[in-house]
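> Structure file upload.csv (CSV, C-alpha atoms and all ligand atoms) is given on the next line.
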```csv
chain,number,residue,atom,x,y,z
A,15,MET,CA,78.9,143.7,122.9
A,16,ASP,CA,77.1,145.0,126.0
A,17,CYS,CA,77.0,148.5,127.5
A,18,ARG,CA,79.5,147.7,130.3
A,19,THR,CA,82.1,146.4,127.9
A,20,VAL,CA,81.7,149.5,125.6
A,21,LEU,CA,82.1,151.8,128.6
A,22,LYS,CA,85.3,150.1,129.5
A,23,LEU,CA,86.6,150.4,125.9
A,24,ASN,CA,86.0,154.2,125.5
A,25,ASP,CA,89.5,155.2,126.6
A,26,ARG,CA,91.1,152.7,124.3
A,27,TYR,CA,88.9,153.8,121.4
A,28,LEU,CA,89.8,157.4,121.9
A,29,ALA,CA,93.5,156.4,122.0
A,30,GLU,CA,93.0,154.5,118.7
A,31,GLY,CA,93.9,151.3,120.5
A,32,LEU,CA,91.1,148.9,119.5
A,33,PRO,CA,91.9,145.9,117.3
A,34,ASP,CA,89.8,145.8,114.1
A,35,GLY,CA,87.5,143.0,115.2
A,36,VAL,CA,86.7,144.7,118.5
A,37,LEU,CA,86.4,148.1,116.8
A,38,ALA,CA,83.7,146.8,114.5
A,39,GLN,CA,81.5,145.5,117.4
A,40,TYR,CA,82.2,148.7,119.4
A,41,LEU,CA,81.1,151.0,116.6
A,42,GLU,CA,78.0,148.9,116.0
A,43,HIS,CA,77.0,149.3,119.6
A,44,ILE,CA,77.8,153.0,119.7
A,45,ALA,CA,75.7,153.6,116.6
A,46,SER,CA,72.6,151.8,118.1
A,47,CYS,CA,72.8,152.8,121.8
A,48,ASP,CA,72.2,156.4,122.8
A,49,SER,CA,73.3,156.0,126.3
A,50,CYS,CA,76.7,154.6,125.3
A,51,HIS,CA,77.0,157.3,122.6
A,52,ASP,CA,76.4,159.9,125.3
A,53,ASN,CA,79.0,158.3,127.6
A,54,LEU,CA,81.5,158.3,124.8
A,55,MET,CA,80.7,162.0,124.1
A,56,THR,CA,81.5,162.8,127.7
A,57,ASP,CA,84.7,160.9,127.7
A,58,TYR,CA,85.7,162.5,124.4
A,59,SER,CA,85.0,166.0,125.7
A,60,ILE,CA,87.0,165.5,128.9
A,61,THR,CA,89.9,163.9,127.0
A,62,LYS,CA,89.9,166.6,124.4
A,63,ALA,CA,89.6,169.4,126.9
A,64,ILE,CA,92.5,168.1,129.0
A,65,ASP,CA,94.6,167.8,125.8
A,66,GLN,CA,93.8,171.4,124.8
A,67,LEU,CA,94.6,172.6,128.3
A,68,ASN,CA,98.0,170.9,128.2
A,69,ARG,CA,98.8,172.4,124.9
A,70,ASN,CA,97.5,175.9,125.9
A,71,GLU,CA,95.0,175.7,123.1
A,72,ASP,CA,91.5,177.2,123.1
A,73,PHE,CA,88.7,174.8,123.8
A,74,SER,CA,86.9,173.3,120.8
A,75,THR,CA,83.4,174.8,120.3
A,76,ASP,CA,81.9,171.6,118.8
A,77,TYR,CA,83.0,168.4,120.5
A,78,SER,CA,79.8,166.6,119.2
A,79,LYS,CA,80.7,167.4,115.5
A,80,GLU,CA,84.3,166.3,116.1
A,81,LEU,CA,83.2,163.0,117.7
A,82,THR,CA,80.8,162.3,114.8
A,83,GLU,CA,83.6,162.9,112.3
A,84,LYS,CA,85.9,160.6,114.4
A,85,LEU,CA,83.3,157.8,114.4
A,86,GLU,CA,82.8,158.2,110.7
A,87,LYS,CA,86.5,158.0,110.0
A,88,SER,CA,86.7,154.7,112.1
A,89,ARG,CA,83.8,153.3,110.0
A,90,GLN,CA,85.5,154.2,106.7
A,91,TYR,CA,88.7,152.7,108.0
A,92,LEU,CA,87.0,149.4,108.7
A,93,ALA,CA,85.1,149.4,105.3
A,94,ARG,CA,88.4,150.0,103.5
A,95,LYS,CA,90.0,147.1,105.4
A,96,LYS,CA,87.0,144.9,104.5
A,97,ARG,CA,87.4,145.8,100.8
A,98,ILE,CA,91.1,144.9,100.8
A,99,VAL,CA,90.3,141.5,102.4
A,100,ARG,CA,87.6,140.9,99.7
A,101,TYR,CA,90.1,141.7,96.9
A,102,LYS,CA,92.6,139.3,98.4
A,103,HIS,CA,90.0,136.6,98.5
A,104,ALA,CA,89.0,137.3,94.9
A,105,ILE,CA,92.6,137.2,93.7
A,106,ALA,CA,93.2,133.9,95.6
A,107,VAL,CA,90.1,132.4,93.9
A,108,ILE,CA,91.3,133.6,90.4
A,109,LEU,CA,94.8,132.1,91.0
A,110,MET,CA,93.3,128.8,92.1
A,111,VAL,CA,91.0,128.6,89.0
A,112,LEU,CA,94.0,129.5,86.7
A,113,SER,CA,96.2,126.9,88.3
A,114,VAL,CA,93.8,124.0,87.8
A,115,PRO,CA,94.5,123.2,84.1
A,116,PHE,CA,98.3,123.4,84.8
A,117,SER,CA,98.2,121.1,87.7
A,118,MET,CA,95.9,118.7,85.9
A,119,SER,CA,97.9,118.5,82.7
A,120,SER,CA,101.2,118.1,84.6
A,121,THR,CA,99.8,115.3,86.7
A,122,PHE,CA,99.3,112.9,83.8
A,123,ALA,CA,102.2,111.4,81.9
A,124,THR,CA,101.5,111.1,78.2
A,125,ALA,CA,103.2,108.5,76.0
A,126,LYS,CA,103.8,108.8,72.3
A,127,TYR,CA,105.5,106.5,69.9
A,128,TYR,CA,108.0,107.9,67.5
A,129,LYS,CA,110.0,106.2,64.8
A,130,PRO,CA,113.1,108.1,63.8
A,131,GLU,CA,114.1,108.0,60.1
A,132,GLY,CA,116.1,104.9,59.2
A,133,SER,CA,115.4,103.3,62.5
A,134,GLU,CA,113.8,99.8,62.9
A,135,GLU,CA,112.4,100.5,66.3
A,136,SER,CA,110.1,103.2,67.5
A,137,LEU,CA,110.8,105.1,70.6
A,138,LYS,CA,108.4,105.6,73.4
A,139,LEU,CA,108.4,109.2,74.4
A,140,LYS,CA,106.9,110.4,77.6
A,141,TYR,CA,106.2,113.9,78.5
A,142,TYR,CA,104.5,115.8,81.3
A,143,GLY,CA,102.7,119.1,81.3
A,144,MET,CA,100.9,121.0,78.6
A,145,PRO,CA,100.7,118.6,75.6
A,146,GLU,CA,100.8,121.3,72.9
A,147,GLN,CA,103.8,123.0,74.3
A,148,LEU,CA,106.0,120.2,75.6
A,149,ASP,CA,105.3,117.7,72.8
A,150,PRO,CA,108.7,116.9,71.2
A,151,ILE,CA,107.2,115.4,68.1
A,152,ARG,CA,105.0,118.5,67.3
A,153,GLN,CA,108.0,120.6,68.1
A,154,ALA,CA,110.1,118.7,65.6
A,155,ILE,CA,107.4,118.9,62.9
A,156,ARG,CA,107.1,122.6,63.5
A,157,GLU,CA,110.9,123.0,63.1
A,158,TYR,CA,110.9,120.9,60.0
A,159,ASN,CA,108.0,123.0,58.5
A,160,ASP,CA,109.8,126.2,59.3
A,161,GLU,CA,112.9,124.9,57.6
A,162,ALA,CA,111.0,123.8,54.5
A,163,ILE,CA,109.2,127.2,54.3
A,164,THR,CA,112.5,129.0,54.6
A,165,LYS,CA,114.0,126.9,51.8
A,166,LEU,CA,110.9,127.5,49.6
A,167,ARG,CA,111.1,131.3,50.2
A,168,GLU,CA,114.8,131.3,49.2
A,169,LYS,CA,113.9,129.7,45.9
A,201,ZN,ZN,75.1,150.7,125.3
```
Have the structure of the file written as structure tokens, please.

Amino acid sequence: MDCRTVLKLNDRYLAEGLPDGVLAQYLEHIASCDSCHDNLMTDYSITKAIDQLNRNEDFSTDYSKELTEKLEKSRQYLARKKRIVRYKHAIAVILMVLSVPFSMSSTFATAKYYKPEGSEESLKLKYYGMPEQLDPIRQAIREYNDEAITKLREK
């Protein structure tokens, strides 16, 4: 951002009207260019003085300190915004990594042959998803085991 653009943006900055992307470039320039910082200081003092006149308030004694604080607040605001964006990216990456095993295991159909008791033919069972959790055979064995254990306990 060049000095002319910065000069034109002073009013909007003082009215808190700069979008985040512009604000970042604006602050960067103000921090590195003494002449633009001085211009902003003048604009700030005039704006503030008019404001105080309108409200019948006493004039501030230290516009320079006030402006420094205002600039610091703007920088902190942008830093906070940046942190939030970084967190959002991190969370998106974590969610993607977590969803990979699910999407992979649910893509493949797995077939299993199962011969029910007293039957001549075996059945072909197909299932999708997490093999351990959606496996009807394992589920049946587990249930059978649970039943057997319960019966043993009763005896
Ligand atoms: Zn400049």
> Name the closest residue to ligand ZN 201 (chain A) among the candidates A:His51, A:Lys87, A:Gly35, A:Leu23; distances are taken between atoms, counting all atoms listed in the file.
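Ranking A:His51, A:Lys87, A:Gly35, A:Leu23 by distance to ligand ZN 201 (chain A), first place goes to A:His51.
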> Of the candidates A:Ile44, A:Arg167, A:Asp25, A:Gly31, which one gets nearest to ligand ZN 201 (chain A) if we count all atoms listed in the file?
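That would be A:Ile44, the residue with the smallest distance to ligand ZN 201 (chain A).
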> Which residue is closest to ligand ZN 201 (chain A)? Choose from A:Asp48, A:Asp76, A:Glu86, A:Glu42 and count all atoms listed in the file.
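Counting all atoms listed in the file, the residue closest to ligand ZN 201 (chain A) is A:Asp48.
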> Taking into account all atoms listed in the file, which residue in the set A:Lys129, A:Lys96, A:His43, A:Arg26 is nearest to ligand ZN 201 (chain A)?
A:His43
> Could you please extract the residues within 10 Å of ligand ZN 201 (chain A), counting all atoms listed in the file, and hand them back as a list in words?
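Those within range of ligand ZN 201 (chain A) are Met15, Asp16, Cys17, Arg18, Thr19, Val20, Leu21, Tyr40, Glu42, His43, Ile44, Ala45, Ser46, Cys47, Asp48, Ser49, Cys50, His51, Asp52, Asn53 and Leu54 of chain A.
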> I'd like the contact shell of Ser59 of chain A - 10 Å cut-off, all atoms listed in the file, skipping same-chain residues fewer than 6 positions apart - returned as a VMD selection string.
chain A and resid 53 65 73 to 74 76 to 78 80 to 81
> What gap, in Å, lies between atom CA of Glu83 of chain A and atom CA of Arg69 of chain A?
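Rounded to one decimal, the two atoms are 21.9 Å apart.
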> Rounded to one decimal in Å, what is the spacing between atom CA of Lys95 of chain A and atom CA of Ala38 of chain A?
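Atom CA of Ala38 of chain A lies at a distance of 11.1 Å from atom CA of Lys95 of chain A.
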> Provide the atom CA of Asp57 of chain A to atom CA of Asn24 of chain A distance in Å, to one decimal place.
7.2 Å
> Smallest atom-to-atom distance to Leu41 of chain A: which of A:Thr56, A:Ser136, A:Thr164, A:Thr82, using all atoms listed in the file?
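With all atoms listed in the file as the atom set, the closest residue is A:Thr82.
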> Which residue is closest to Ala63 of chain A? Choose from A:Lys22, A:Tyr158, A:Lys169, A:Thr75 and count only C-alpha atoms.
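That would be A:Thr75, the residue with the smallest distance to Ala63 of chain A.
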